[in-house]
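K.L.:
Have a peek at upload.cif (mmCIF, C-alpha atoms and all ligand atoms).
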data_start
loop_
_atom_site.label_atom_id
_atom_site.label_comp_id
_atom_site.auth_asym_id
_atom_site.auth_seq_id
_atom_site.Cartn_x
_atom_site.Cartn_y
_atom_site.Cartn_z
CA MET A 1 -0.66 -68.51 38.06
CA HIS A 2 -3.93 -69.73 36.52
CA GLU A 3 -5.86 -69.77 39.75
CA GLN A 4 -4.45 -66.55 41.05
CA LEU A 5 -4.14 -64.41 37.95
CA ILE A 6 -5.22 -65.65 34.54
CA ASN A 7 -8.60 -67.17 35.44
CA PRO A 8 -9.85 -64.21 37.49
CA THR A 9 -8.78 -61.80 34.71
CA LEU A 10 -10.62 -63.92 32.14
CA GLU A 11 -13.74 -64.15 34.28
CA LYS A 12 -13.79 -60.40 34.76
CA PHE A 13 -13.42 -59.86 31.02
CA ARG A 14 -16.32 -62.18 30.26
CA ALA A 15 -18.49 -60.66 32.95
CA GLU A 16 -17.87 -57.09 31.81
CA PHE A 17 -17.72 -57.42 28.04
CA LYS A 18 -19.89 -60.54 27.50
CA GLU A 19 -17.34 -61.90 25.05
CA GLU A 20 -14.14 -63.93 24.96
CA PRO A 21 -10.83 -62.03 24.90
CA GLU A 22 -8.77 -62.57 21.75
CA HIS A 23 -5.42 -62.42 23.52
CA ILE A 24 -3.87 -62.82 26.94
CA PHE A 25 -0.55 -61.06 27.61
CA LEU A 26 1.74 -61.37 30.62
CA SER A 27 4.03 -58.50 31.56
CA PRO A 28 6.49 -59.17 34.41
CA GLY A 29 7.90 -57.16 37.29
CA ARG A 30 11.63 -57.26 37.99
CA ILE A 31 14.25 -57.71 40.63
CA ASN A 32 17.61 -55.99 40.48
CA ILE A 33 20.56 -57.94 41.80
CA ILE A 34 22.80 -54.90 41.87
CA GLY A 35 23.24 -51.47 40.21
CA GLU A 36 20.84 -49.10 41.92
CA HIS A 37 20.20 -45.56 40.65
CA VAL A 38 22.98 -45.89 38.10
CA ASP A 39 20.68 -46.44 35.10
CA TYR A 40 20.35 -42.69 34.58
CA SER A 41 24.10 -42.20 34.98
CA ASP A 42 25.65 -44.29 32.20
CA GLY A 43 26.06 -47.23 34.56
CA PHE A 44 25.61 -50.99 34.37
CA VAL A 45 22.70 -52.77 36.03
CA LEU A 46 21.96 -56.44 36.68
CA PRO A 47 18.19 -56.92 36.74
CA ALA A 48 15.95 -59.86 35.82
CA ALA A 49 12.25 -60.30 35.07
CA ILE A 50 10.33 -62.35 37.66
CA ASP A 51 7.29 -64.60 37.83
CA LYS A 52 5.01 -61.85 39.09
CA TYR A 53 2.94 -60.38 36.30
CA ILE A 54 0.31 -58.03 35.06
CA CYS A 55 -2.11 -60.13 33.04
CA PHE A 56 -3.99 -58.37 30.24
CA ALA A 57 -7.08 -59.86 28.55
CA VAL A 58 -7.66 -58.01 25.29
CA ARG A 59 -10.12 -57.75 22.41
CA LYS A 60 -10.11 -55.43 19.38
CA LEU A 61 -13.22 -53.48 18.48
CA PRO A 62 -12.75 -52.35 14.86
CA GLN A 63 -16.26 -50.88 14.75
CA THR A 64 -15.56 -48.20 17.42
CA ASN A 65 -12.91 -45.68 18.46
CA LEU A 66 -13.31 -46.30 22.17
CA CYS A 67 -10.69 -48.04 24.25
CA THR A 68 -12.08 -49.25 27.59
CA ILE A 69 -9.63 -50.47 30.20
CA ILE A 70 -10.65 -52.07 33.45
CA ALA A 71 -8.14 -52.18 36.31
CA LYS A 72 -9.67 -55.20 38.04
CA ASP A 73 -7.69 -54.99 41.29
CA LEU A 74 -8.55 -51.32 41.77
CA ALA A 75 -12.17 -51.75 40.64
CA GLN A 76 -11.70 -48.81 38.29
CA GLU A 77 -12.36 -48.26 34.64
CA TYR A 78 -11.13 -45.71 32.12
CA THR A 79 -12.34 -45.11 28.57
CA PHE A 80 -10.74 -42.89 25.96
CA ASP A 81 -11.28 -42.16 22.30
CA VAL A 82 -8.28 -43.26 20.26
CA THR A 83 -8.81 -40.44 17.76
CA THR A 84 -8.72 -37.52 20.23
CA GLU A 85 -5.74 -35.75 21.76
CA ILE A 86 -4.51 -37.56 24.88
CA LYS A 87 -3.66 -35.66 28.08
CA PRO A 88 -2.74 -36.79 31.61
CA VAL A 89 -5.70 -37.55 33.89
CA ARG A 90 -6.34 -37.93 37.61
CA GLN A 91 -6.19 -41.74 37.77
CA MET A 92 -2.49 -42.48 38.07
CA TRP A 93 -2.67 -45.99 36.60
CA ALA A 94 -4.41 -44.64 33.50
CA ASN A 95 -1.57 -42.16 32.96
CA TYR A 96 0.97 -44.94 32.45
CA ILE A 97 -1.20 -46.26 29.63
CA LEU A 98 -2.13 -42.88 28.17
CA GLY A 99 1.51 -41.80 28.19
CA VAL A 100 2.31 -44.79 25.98
CA PHE A 101 -0.63 -44.21 23.68
CA SER A 102 0.11 -40.52 23.17
CA GLN A 103 3.58 -41.34 21.81
CA LEU A 104 2.18 -43.75 19.26
CA GLN A 105 -0.66 -41.55 18.07
CA LYS A 106 0.79 -40.64 14.68
CA PRO A 107 -0.80 -40.35 11.23
CA GLU A 108 0.86 -43.58 10.08
CA ASN A 109 -0.63 -45.61 12.98
CA GLN A 110 -4.30 -46.43 12.52
CA PHE A 111 -5.96 -47.33 15.83
CA TYR A 112 -9.48 -48.36 16.67
CA GLY A 113 -11.30 -49.44 19.82
CA MET A 114 -10.26 -52.11 22.31
CA GLU A 115 -11.56 -53.76 25.45
CA ILE A 116 -8.98 -54.61 28.08
CA VAL A 117 -9.08 -56.04 31.58
CA PHE A 118 -5.88 -56.24 33.59
CA SER A 119 -4.99 -57.64 36.96
CA SER A 120 -1.65 -58.08 38.73
CA THR A 121 0.38 -60.21 41.10
CA ILE A 122 3.14 -57.56 41.26
CA PRO A 123 2.66 -55.73 44.55
CA MET A 124 2.37 -51.97 43.96
CA GLY A 125 4.83 -49.57 45.58
CA SER A 126 7.14 -52.41 46.63
CA GLY A 127 10.03 -51.72 44.28
CA LEU A 128 9.15 -54.53 41.84
CA SER A 129 8.27 -52.20 38.96
CA SER A 130 4.56 -52.68 38.54
CA SER A 131 4.42 -49.38 36.63
CA ALA A 132 7.01 -50.47 34.05
CA ALA A 133 5.08 -53.72 33.58
CA LEU A 134 1.94 -51.70 32.89
CA GLU A 135 3.56 -49.24 30.47
CA CYS A 136 5.53 -51.82 28.52
CA GLY A 137 2.68 -54.32 28.59
CA PHE A 138 0.38 -51.80 26.95
CA ALA A 139 3.00 -50.77 24.35
CA TYR A 140 3.53 -54.45 23.57
CA ILE A 141 -0.22 -55.00 23.12
CA LEU A 142 -0.54 -52.05 20.73
CA ASN A 143 2.47 -53.30 18.80
CA GLU A 144 0.93 -56.76 18.39
CA LEU A 145 -2.64 -55.69 17.70
CA PHE A 146 -1.89 -52.89 15.26
CA ASP A 147 1.33 -54.23 13.76
CA LEU A 148 3.37 -51.13 14.64
CA GLN A 149 6.72 -52.82 13.92
CA LEU A 150 8.29 -51.55 17.15
CA SER A 151 11.49 -53.20 18.31
CA LYS A 152 11.80 -54.46 21.88
CA LYS A 153 14.15 -51.57 22.64
CA GLU A 154 11.61 -49.08 21.33
CA ILE A 155 8.93 -50.60 23.56
CA ALA A 156 11.18 -50.18 26.61
CA VAL A 157 12.02 -46.57 25.72
CA ILE A 158 8.35 -45.72 25.10
CA GLY A 159 7.51 -47.13 28.54
CA GLN A 160 10.22 -45.00 30.15
CA LYS A 161 9.06 -41.85 28.35
CA SER A 162 5.49 -42.43 29.47
CA GLU A 163 6.77 -42.38 33.04
CA HIS A 164 8.65 -39.11 32.40
CA THR A 165 5.83 -37.30 30.64
CA PHE A 166 2.56 -38.61 32.08
CA ALA A 167 3.59 -39.95 35.49
CA GLY A 168 6.16 -37.25 36.33
CA VAL A 169 8.95 -39.61 37.43
CA GLN A 170 12.35 -39.10 35.79
CA CYS A 171 13.24 -42.78 35.94
CA GLY A 172 16.04 -44.58 34.12
CA ILE A 173 15.58 -47.44 31.65
CA MET A 174 16.30 -50.45 33.87
CA ASP A 175 12.76 -51.48 34.87
CA GLN A 176 11.28 -51.24 31.39
CA PHE A 177 14.27 -53.00 29.87
CA ALA A 178 14.01 -55.91 32.31
CA SER A 179 10.28 -56.29 31.79
CA VAL A 180 10.72 -56.49 28.00
CA PHE A 181 14.06 -58.34 27.71
CA GLY A 182 13.80 -60.79 30.63
CA LYS A 183 14.79 -64.43 30.03
CA GLU A 184 14.07 -67.46 32.16
CA ASN A 185 16.94 -68.20 34.57
CA LYS A 186 19.11 -65.38 33.19
CA VAL A 187 20.14 -62.07 34.67
CA ILE A 188 20.64 -59.18 32.27
CA MET A 189 23.84 -57.16 32.34
CA LEU A 190 22.69 -53.90 30.76
CA ASP A 191 24.96 -51.05 29.78
CA CYS A 192 22.63 -48.10 30.28
CA HIS A 193 24.89 -45.86 28.17
CA THR A 194 24.59 -47.92 24.97
CA LEU A 195 21.67 -50.23 25.86
CA GLU A 196 23.89 -53.14 24.86
CA HIS A 197 23.21 -56.14 27.03
CA GLN A 198 24.23 -59.70 27.70
CA TYR A 199 22.72 -62.52 29.68
CA PHE A 200 24.32 -64.47 32.53
CA ASP A 201 23.12 -67.76 33.98
CA ALA A 202 21.46 -67.08 37.30
CA ASP A 203 23.08 -70.06 38.98
CA LEU A 204 23.38 -69.14 42.65
CA LYS A 205 24.86 -72.47 43.79
CA GLY A 206 22.60 -73.39 46.67
CA TYR A 207 21.64 -69.83 47.57
CA ASN A 208 18.27 -68.15 47.08
CA LEU A 209 17.32 -64.58 46.36
CA LEU A 210 14.50 -63.76 48.74
CA LEU A 211 12.59 -60.52 48.90
CA PHE A 212 11.42 -59.15 52.22
CA ASP A 213 8.68 -56.59 51.73
CA SER A 214 8.80 -53.96 54.46
CA CYS A 215 5.25 -52.99 53.45
CA VAL A 216 6.39 -49.36 53.60
CA LYS A 217 4.82 -48.13 50.37
CA HIS A 218 6.40 -45.53 48.16
CA THR A 219 5.57 -43.69 45.00
CA HIS A 220 8.48 -42.12 43.20
CA LEU A 221 6.40 -39.08 42.38
CA THR A 222 6.42 -38.00 46.02
CA SER A 223 9.52 -39.80 47.32
CA GLY A 224 12.92 -38.20 46.82
CA TYR A 225 13.55 -39.92 43.46
CA ASN A 226 13.41 -36.82 41.25
CA GLU A 227 15.34 -34.87 43.87
CA ARG A 228 18.14 -37.46 43.81
CA ARG A 229 18.31 -37.08 40.06
CA LYS A 230 18.70 -33.33 40.46
CA ASP A 231 21.53 -33.78 42.98
CA VAL A 232 23.26 -36.07 40.52
CA GLU A 233 22.69 -33.77 37.52
CA HIS A 234 24.28 -30.92 39.46
CA GLY A 235 27.26 -33.11 40.30
CA LYS A 236 27.68 -34.13 36.66
CA LYS A 237 27.52 -30.52 35.48
CA VAL A 238 30.37 -29.55 37.81
CA LEU A 239 32.42 -32.59 36.75
CA TRP A 240 31.97 -31.97 33.04
CA GLU A 241 32.78 -28.28 33.39
CA LYS A 242 36.13 -29.23 34.85
CA PHE A 243 36.76 -32.31 32.67
CA PRO A 244 34.97 -31.69 29.35
CA ASP A 245 36.77 -34.49 27.52
CA VAL A 246 35.33 -37.30 29.61
CA GLU A 247 32.77 -39.14 27.53
CA LYS A 248 30.65 -41.08 30.02
CA PHE A 249 29.88 -40.47 33.67
CA ARG A 250 31.41 -43.82 34.62
CA ASP A 251 34.76 -42.70 33.17
CA PHE A 252 35.21 -40.10 35.91
CA THR A 253 37.61 -41.28 38.61
CA THR A 254 37.22 -40.68 42.32
CA THR A 255 40.36 -38.51 42.13
CA MET A 256 38.57 -36.27 39.62
CA LEU A 257 35.49 -36.23 41.83
CA ASN A 258 37.52 -35.32 44.90
CA SER A 259 39.13 -32.44 43.02
CA VAL A 260 35.75 -30.72 42.55
CA LYS A 261 34.24 -31.61 45.92
CA GLU A 262 34.04 -28.04 47.13
CA GLU A 263 32.44 -26.53 44.02
CA MET A 264 30.00 -29.43 43.91
CA GLY A 265 28.86 -29.28 47.50
CA ASN A 266 28.65 -32.17 49.91
CA VAL A 267 25.25 -33.55 48.88
CA SER A 268 26.02 -33.97 45.18
CA TYR A 269 29.50 -35.20 46.07
CA LYS A 270 28.10 -38.02 48.22
CA ARG A 271 25.59 -38.98 45.52
CA CYS A 272 28.27 -39.10 42.79
CA LEU A 273 30.72 -41.00 44.98
CA TYR A 274 28.09 -43.65 45.62
CA LEU A 275 27.31 -43.88 41.88
CA LEU A 276 30.91 -44.31 40.76
CA ASN A 277 31.47 -47.05 43.34
CA GLU A 278 28.17 -48.74 42.50
CA ILE A 279 28.95 -48.91 38.79
CA LYS A 280 32.22 -50.69 39.63
CA ARG A 281 30.39 -53.07 41.98
CA VAL A 282 28.05 -54.15 39.18
CA GLU A 283 30.99 -55.09 36.96
CA MET A 284 32.54 -57.04 39.83
CA ALA A 285 29.23 -58.76 40.64
CA ALA A 286 28.71 -59.84 37.02
CA LYS A 287 32.21 -61.34 37.01
CA ALA A 288 31.62 -63.04 40.37
CA ILE A 289 28.31 -64.56 39.18
CA SER A 290 29.90 -65.88 36.01
CA GLU A 291 32.74 -67.42 38.08
CA GLY A 292 30.33 -68.89 40.62
CA ASN A 293 31.74 -66.76 43.44
CA ILE A 294 28.38 -66.20 45.14
CA GLU A 295 29.92 -65.25 48.45
CA TYR A 296 31.48 -62.19 46.87
CA VAL A 297 28.17 -61.24 45.24
CA GLY A 298 26.72 -61.16 48.76
CA THR A 299 29.51 -58.89 50.00
CA LEU A 300 28.85 -56.49 47.13
CA LEU A 301 25.09 -56.38 47.84
CA THR A 302 25.79 -55.41 51.42
CA GLU A 303 28.23 -52.68 50.32
CA THR A 304 25.51 -51.34 48.03
CA HIS A 305 23.12 -51.09 50.95
CA ALA A 306 25.63 -49.09 52.96
CA GLY A 307 26.05 -46.67 50.03
CA LEU A 308 22.31 -46.36 49.42
CA SER A 309 21.68 -45.77 53.09
CA THR A 310 24.42 -43.27 53.96
CA GLU A 311 25.58 -41.64 50.70
CA PHE A 312 22.57 -41.81 48.41
CA GLU A 313 20.16 -41.64 51.36
CA VAL A 314 17.26 -43.57 49.88
CA SER A 315 16.77 -46.12 52.65
CA CYS A 316 14.49 -45.77 55.66
CA ASN A 317 14.47 -47.09 59.25
CA GLU A 318 12.39 -50.12 58.38
CA LEU A 319 14.66 -51.22 55.52
CA ASP A 320 17.86 -50.52 57.49
CA PHE A 321 16.42 -52.64 60.27
CA LEU A 322 15.53 -55.50 57.93
CA VAL A 323 18.92 -55.47 56.23
CA ASN A 324 21.01 -55.15 59.39
CA ASN A 325 19.14 -57.88 61.21
CA THR A 326 19.10 -60.22 58.23
CA LEU A 327 22.87 -59.88 57.90
CA GLN A 328 23.29 -61.16 61.46
CA GLN A 329 21.51 -64.43 60.65
CA GLU A 330 23.34 -67.63 59.83
CA GLY A 331 23.49 -68.51 56.12
CA VAL A 332 23.05 -64.96 54.82
CA LEU A 333 25.66 -63.81 52.29
CA GLY A 334 24.32 -60.32 51.63
CA ALA A 335 21.31 -58.03 51.85
CA ARG A 336 20.26 -54.62 50.61
CA ILE A 337 17.33 -52.37 49.84
CA MET A 338 16.21 -52.91 46.24
CA GLY A 339 14.88 -50.53 43.59
CA GLY A 340 14.35 -46.79 43.87
CA GLY A 341 14.18 -46.90 47.68
CA PHE A 342 12.22 -45.02 50.35
CA GLY A 343 10.42 -48.26 51.23
CA GLY A 344 9.61 -51.44 49.34
CA CYS A 345 11.64 -54.65 49.51
CA SER A 346 15.07 -55.81 50.54
CA ILE A 347 16.79 -58.43 48.41
CA ASN A 348 18.63 -61.10 50.37
CA LEU A 349 21.08 -63.77 49.33
CA ILE A 350 20.41 -66.69 51.67
CA GLN A 351 21.54 -70.31 51.84
CA GLU A 352 18.60 -72.45 50.70
CA ASP A 353 18.41 -74.66 53.77
CA LYS A 354 18.66 -71.69 56.15
CA ALA A 355 15.95 -69.57 54.49
CA GLU A 356 13.04 -70.79 56.59
CA GLU A 357 14.81 -70.04 59.85
CA VAL A 358 15.91 -66.58 58.67
CA ILE A 359 12.37 -65.70 57.57
CA LYS A 360 10.94 -66.82 60.88
CA ASN A 361 13.43 -64.80 62.92
CA ILE A 362 13.26 -61.63 60.85
CA SER A 363 9.46 -61.61 60.60
CA LYS A 364 9.27 -61.87 64.37
CA LYS A 365 11.79 -59.11 65.02
CA TYR A 366 10.19 -56.81 62.45
CA LEU A 367 6.73 -57.33 63.88
CA GLU A 368 8.01 -56.64 67.39
CA SER A 369 9.84 -53.46 66.39
CA PHE A 370 7.48 -51.88 63.84
CA ASN A 371 4.21 -53.72 64.34
CA ILE A 372 4.25 -54.61 60.64
CA GLN A 373 3.89 -58.12 59.24
CA MET A 374 6.63 -58.37 56.63
CA LYS A 375 5.83 -60.24 53.42
CA VAL A 376 8.22 -62.65 51.75
CA TYR A 377 8.46 -63.29 48.02
CA GLN A 378 10.47 -66.14 46.62
CA VAL A 379 10.60 -65.27 42.95
CA LYS A 380 11.71 -67.19 39.87
CA ILE A 381 13.69 -65.47 37.15
CA SER A 382 11.40 -65.52 34.14
CA ASP A 383 10.78 -64.45 30.56
CA GLY A 384 9.94 -60.89 29.58
CA ILE A 385 6.57 -59.75 28.20
CA LYS A 386 4.87 -62.29 26.01
CA GLU A 387 1.55 -63.46 24.75
CA TYR A 388 0.20 -66.32 26.81
CA THR A 389 -0.76 -68.95 24.30
CA ASN A 390 -1.44 -72.02 26.46
CA GLU A 391 -5.02 -73.17 26.70
CA TYR A 392 -6.80 -70.65 28.89
CA ILE A 393 -10.41 -71.67 28.74
CA ILE A 394 -11.54 -72.37 32.31
C1 LIG B 401 13.36 -47.04 40.01
C2 LIG B 401 13.52 -46.48 38.60
C3 LIG B 401 14.69 -47.12 37.87
C4 LIG B 401 15.97 -47.09 38.70
C5 LIG B 401 15.67 -47.60 40.11
C6 LIG B 401 16.87 -47.45 41.01
O1 LIG B 401 12.98 -48.39 39.96
O2 LIG B 401 12.35 -46.67 37.86
O3 LIG B 401 14.89 -46.48 36.63
O4 LIG B 401 16.54 -45.81 38.72
O5 LIG B 401 14.58 -46.93 40.71
O6 LIG B 401 17.90 -48.25 40.58
#
Show how you would write the structure in this file as structure tokens.
Ligand code: GLA

P.N.:
Amino acid sequence: MHEQLINPTLEKFRAEFKEEPEHIFLSPGRINIIGEHVDYSDGFVLPAAIDKYICFAVRKLPQTNLCTIIAKDLAQEYTFDVTTEIKPVRQMWANYILGVFSQLQKPENQFYGMEIVFSSTIPMGSGLSSSAALECGFAYILNELFDLQLSKKEIAVIGQKSEHTFAGVQCGIMDQFASVFGKENKVIMLDCHTLEHQYFDADLKGYNLLLFDSCVKHTHLTSGYNERRKDVEHGKKVLWEKFPDVEKFRDFTTTMLNSVKEEMGNVSYKRCLYLLNEIKRVEMAAKAISEGNIEYVGTLLTETHAGLSTEFEVSCNELDFLVNNTLQQEGVLGARIMGGGFGGCSINLIQEDKAEEVIKNISKKYLESFNIQMKVYQVKISDGIKEYTNEYII
């Protein structure tokens, strides 16, 4: 991590600002074991933070009002005045940050200038939540530097709202929550209705979670993400009109859903059916993990893929190909597309000593069929956002 991330970020900071940073922060991406698209529908999700990070090198500048941020990997820079009104801008990455700042710009919060360089090992557009890491990382920095007394939950919610207001994506809370609340070797079971959560040991008993990056890039602003949310909102409206006493979406039964199928229309029906089944799968997966029944976790992952592909319709040919072919390999318990969809990574549960062979076979097949070199990430389940306090002088 030093060689690849922290040292280059430090060097860039020194080269640009001719000073030492005062702090280094690490904000992680996430995987999601199961529970896709249910975070905005009162569901449960099972994500975890991973050892791929955005690294921020930061220094306060009390003598100015200017905040200068350098996105090292993009070779771009953005400066804003902390005392002026903040509006969305053309650079997308800057919007994630500005969306956070605009929520915290209140009379009781006194800000002044800052110099920041950030760099990342979280691939962008691959479904590993680089945007949540950026939003929450920046909120965390402001909280530490200006003593804003924000709770971890507030940081996650501020990150999510930045995405809604400045980035235009109506995402749920899962990515931000995982980036902030991650714990080494633990998966998080999050109830997205109450934001209550518990941790489970991520003991996969001789199996690995491997990510296969299709290298089909997506951005949820232009993918069908917001459209899926609309389909679901329509479905919920019809359900609650008929059954007004039901408190949470996950309390609807499939019998109730079937009874309003016609009024709802086929598209929203399929979306809601997938969601209700997926929420149940997450509960079953959490139980299976805690009982060490990893085989069943694999079965559930594969069922999720089928639902995401045919009912929620957020997969694509490349990901269907990766998943279907991976499932035919020896030592594979389950596979599915991960994250918002429309590209990105598959997550695969593979026997440790079979992983190399599976990777070799699938890479070859994928290259032959799509002329794309798939990337493989073996990630470790890691802590959420934190200040990096080890010695970092190179
Ligand atoms: C994206 C969103 C999340 C969640 C997932 C799908 O990552 O940011 O809120 O909806 O898609 O599970």

K.L.:
Residues within 6 Å of ligand LIG 401 (chain B), counting all atoms listed in the file: report them as a PDB file with C-alpha atoms, in the coordinates of the input.

P.N.:
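That gives us out_14.pdb:
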ATOM      1  CA  GLU A  36      20.840 -49.100  41.920  1.00  0.00           C
ATOM      2  CA  HIS A  37      20.200 -45.560  40.650  1.00  0.00           C
ATOM      3  CA  ASP A  39      20.680 -46.440  35.100  1.00  0.00           C
ATOM      4  CA  CYS A 171      13.240 -42.780  35.940  1.00  0.00           C
ATOM      5  CA  GLY A 172      16.040 -44.580  34.120  1.00  0.00           C
ATOM      6  CA  ILE A 173      15.580 -47.440  31.650  1.00  0.00           C
ATOM      7  CA  MET A 174      16.300 -50.450  33.870  1.00  0.00           C
ATOM      8  CA  ASP A 175      12.760 -51.480  34.870  1.00  0.00           C
ATOM      9  CA  GLY A 339      14.880 -50.530  43.590  1.00  0.00           C
ATOM     10  CA  GLY A 340      14.350 -46.790  43.870  1.00  0.00           C
TER      11      GLY A 340
END

K.L.:
Quick check, in Å to one decimal: how far apart do atom CA of A:Pro88 and atom CA of A:Thr165 lie?

P.N.:
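Atom CA of A:Thr165 lies at a distance of 8.6 Å from atom CA of A:Pro88.
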
K.L.:
May I have a table of the residues of stretch 348-367 of chain A lying at most 10 Å from stretch 209-219 of chain A, giving each one's closest pair of atoms and their distance in Å to one decimal, counting only C-alpha atoms, ordered by chain and ascending residue number, as a tab-separated table?

P.N.:
residue	atom	partner	partner_atom	distance
A:Asn348	CA	A:Leu210	CA	5.2
A:Leu349	CA	A:Leu209	CA	4.9
A:Ile350	CA	A:Leu209	CA	6.5
A:Gln351	CA	A:Leu209	CA	9.0
A:Glu352	CA	A:Leu209	CA	9.1
A:Ala355	CA	A:Leu210	CA	8.3
A:Ile359	CA	A:Phe212	CA	8.5
A:Ile362	CA	A:Phe212	CA	9.2
A:Ser363	CA	A:Phe212	CA	9.0
A:Tyr366	CA	A:Ser214	CA	8.6

K.L.:
Could the residues in this selection be saved with C-alpha atoms as a CSV table (one decimal), in the frame of the given file?

P.N.:
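This went into out-v6.csv:
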chain,number,residue,atom,x,y,z
A,348,ASN,CA,18.6,-61.1,50.4
A,349,LEU,CA,21.1,-63.8,49.3
A,350,ILE,CA,20.4,-66.7,51.7
A,351,GLN,CA,21.5,-70.3,51.8
A,352,GLU,CA,18.6,-72.4,50.7
A,355,ALA,CA,16.0,-69.6,54.5
A,359,ILE,CA,12.4,-65.7,57.6
A,362,ILE,CA,13.3,-61.6,60.8
A,363,SER,CA,9.5,-61.6,60.6
A,366,TYR,CA,10.2,-56.8,62.4

K.L.:
How many Å lie between atom CA of A:Ala178 and atom CA of A:Gly331, rounded to one decimal?

P.N.:
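Atom-to-atom, atom CA of A:Ala178 and atom CA of A:Gly331 are spaced 28.6 Å apart.
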
K.L.:
Just how far from atom CA of A:Gln105 is atom CA of A:Asp81, in Å to one decimal?

P.N.:
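About the pair atom CA of A:Asp81 and atom CA of A:Gln105: they are 11.4 Å apart.
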
K.L.:
Which residue, A:Leu275, A:Val379, A:Val314, A:Val238, has the smallest gap to A:Ser41 when you use only C-alpha atoms?

P.N.:
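Counting only C-alpha atoms, the residue closest to A:Ser41 is A:Leu275.
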
K.L.:
Give me the residues near stretch 258-271 of chain A as a VMD selection string, where near means some atom within 10 Å (using only C-alpha atoms) and where sequence neighbours in that chain fewer than 5 positions away do not count.

P.N.:
chain A and resid 37 228 to 239 241 to 242 253 276 307 to 308 310 to 313

K.L.:
How would the residues just chosen look if you wrote them out with C-alpha atoms as an mmCIF file, keeping the file's coordinate frame?

P.N.:
data_model
loop_
_atom_site.group_PDB
_atom_site.id
_atom_site.type_symbol
_atom_site.label_atom_id
_atom_site.label_comp_id
_atom_site.auth_asym_id
_atom_site.auth_seq_id
_atom_site.Cartn_x
_atom_site.Cartn_y
_atom_site.Cartn_z
ATOM 1 C CA HIS A 37 20.200 -45.560 40.650
ATOM 2 C CA ARG A 228 18.140 -37.460 43.810
ATOM 3 C CA ARG A 229 18.310 -37.080 40.060
ATOM 4 C CA LYS A 230 18.700 -33.330 40.460
ATOM 5 C CA ASP A 231 21.530 -33.780 42.980
ATOM 6 C CA VAL A 232 23.260 -36.070 40.520
ATOM 7 C CA GLU A 233 22.690 -33.770 37.520
ATOM 8 C CA HIS A 234 24.280 -30.920 39.460
ATOM 9 C CA GLY A 235 27.260 -33.110 40.300
ATOM 10 C CA LYS A 236 27.680 -34.130 36.660
ATOM 11 C CA LYS A 237 27.520 -30.520 35.480
ATOM 12 C CA VAL A 238 30.370 -29.550 37.810
ATOM 13 C CA LEU A 239 32.420 -32.590 36.750
ATOM 14 C CA GLU A 241 32.780 -28.280 33.390
ATOM 15 C CA LYS A 242 36.130 -29.230 34.850
ATOM 16 C CA THR A 253 37.610 -41.280 38.610
ATOM 17 C CA LEU A 276 30.910 -44.310 40.760
ATOM 18 C CA GLY A 307 26.050 -46.670 50.030
ATOM 19 C CA LEU A 308 22.310 -46.360 49.420
ATOM 20 C CA THR A 310 24.420 -43.270 53.960
ATOM 21 C CA GLU A 311 25.580 -41.640 50.700
ATOM 22 C CA PHE A 312 22.570 -41.810 48.410
ATOM 23 C CA GLU A 313 20.160 -41.640 51.360
#

K.L.:
Looking at all atoms listed in the file, which of A:Val117, A:Ile141, A:Leu128, A:Val38 is the one that sits closest to A:Leu5?

P.N.:
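Under the stated criterion, the closest residue is A:Val117.
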
K.L.:
Skipping near chain neighbours, those fewer than 6 positions away, what residues fall within 12 Å of A:Asn317 using all atoms listed in the file, listed as a compact mmCIF listing (two decimals) with C-alpha atoms, in the coordinates of the input?

P.N.:
# COMPACT_ATOMS: atom_id res chain seq x y z
CA SER A 214 8.80 -53.96 54.46
CA VAL A 216 6.39 -49.36 53.60
CA SER A 309 21.68 -45.77 53.09
CA THR A 310 24.42 -43.27 53.96
CA VAL A 323 18.92 -55.47 56.23
CA ASN A 324 21.01 -55.15 59.39
CA ASN A 325 19.14 -57.88 61.21
CA ILE A 337 17.33 -52.37 49.84
CA GLY A 341 14.18 -46.90 47.68
CA PHE A 342 12.22 -45.02 50.35
CA GLY A 343 10.42 -48.26 51.23
CA GLY A 344 9.61 -51.44 49.34
CA TYR A 366 10.19 -56.81 62.45
CA SER A 369 9.84 -53.46 66.39
CA PHE A 370 7.48 -51.88 63.84

K.L.:
Using all atoms listed in the file for the distances, tell me which of A:Lys152, A:Lys365, A:His193, A:Arg30 is nearest to A:Phe249.

P.N.:
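Looking at the shortest contact to A:Phe249, the residue is A:His193.
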
K.L.:
Looking at A:Gln329, A:Leu204, A:Ser102, A:Ile33, which one is nearest to A:His305, with distances taken over all atoms listed in the file?

P.N.:
A:Ile33
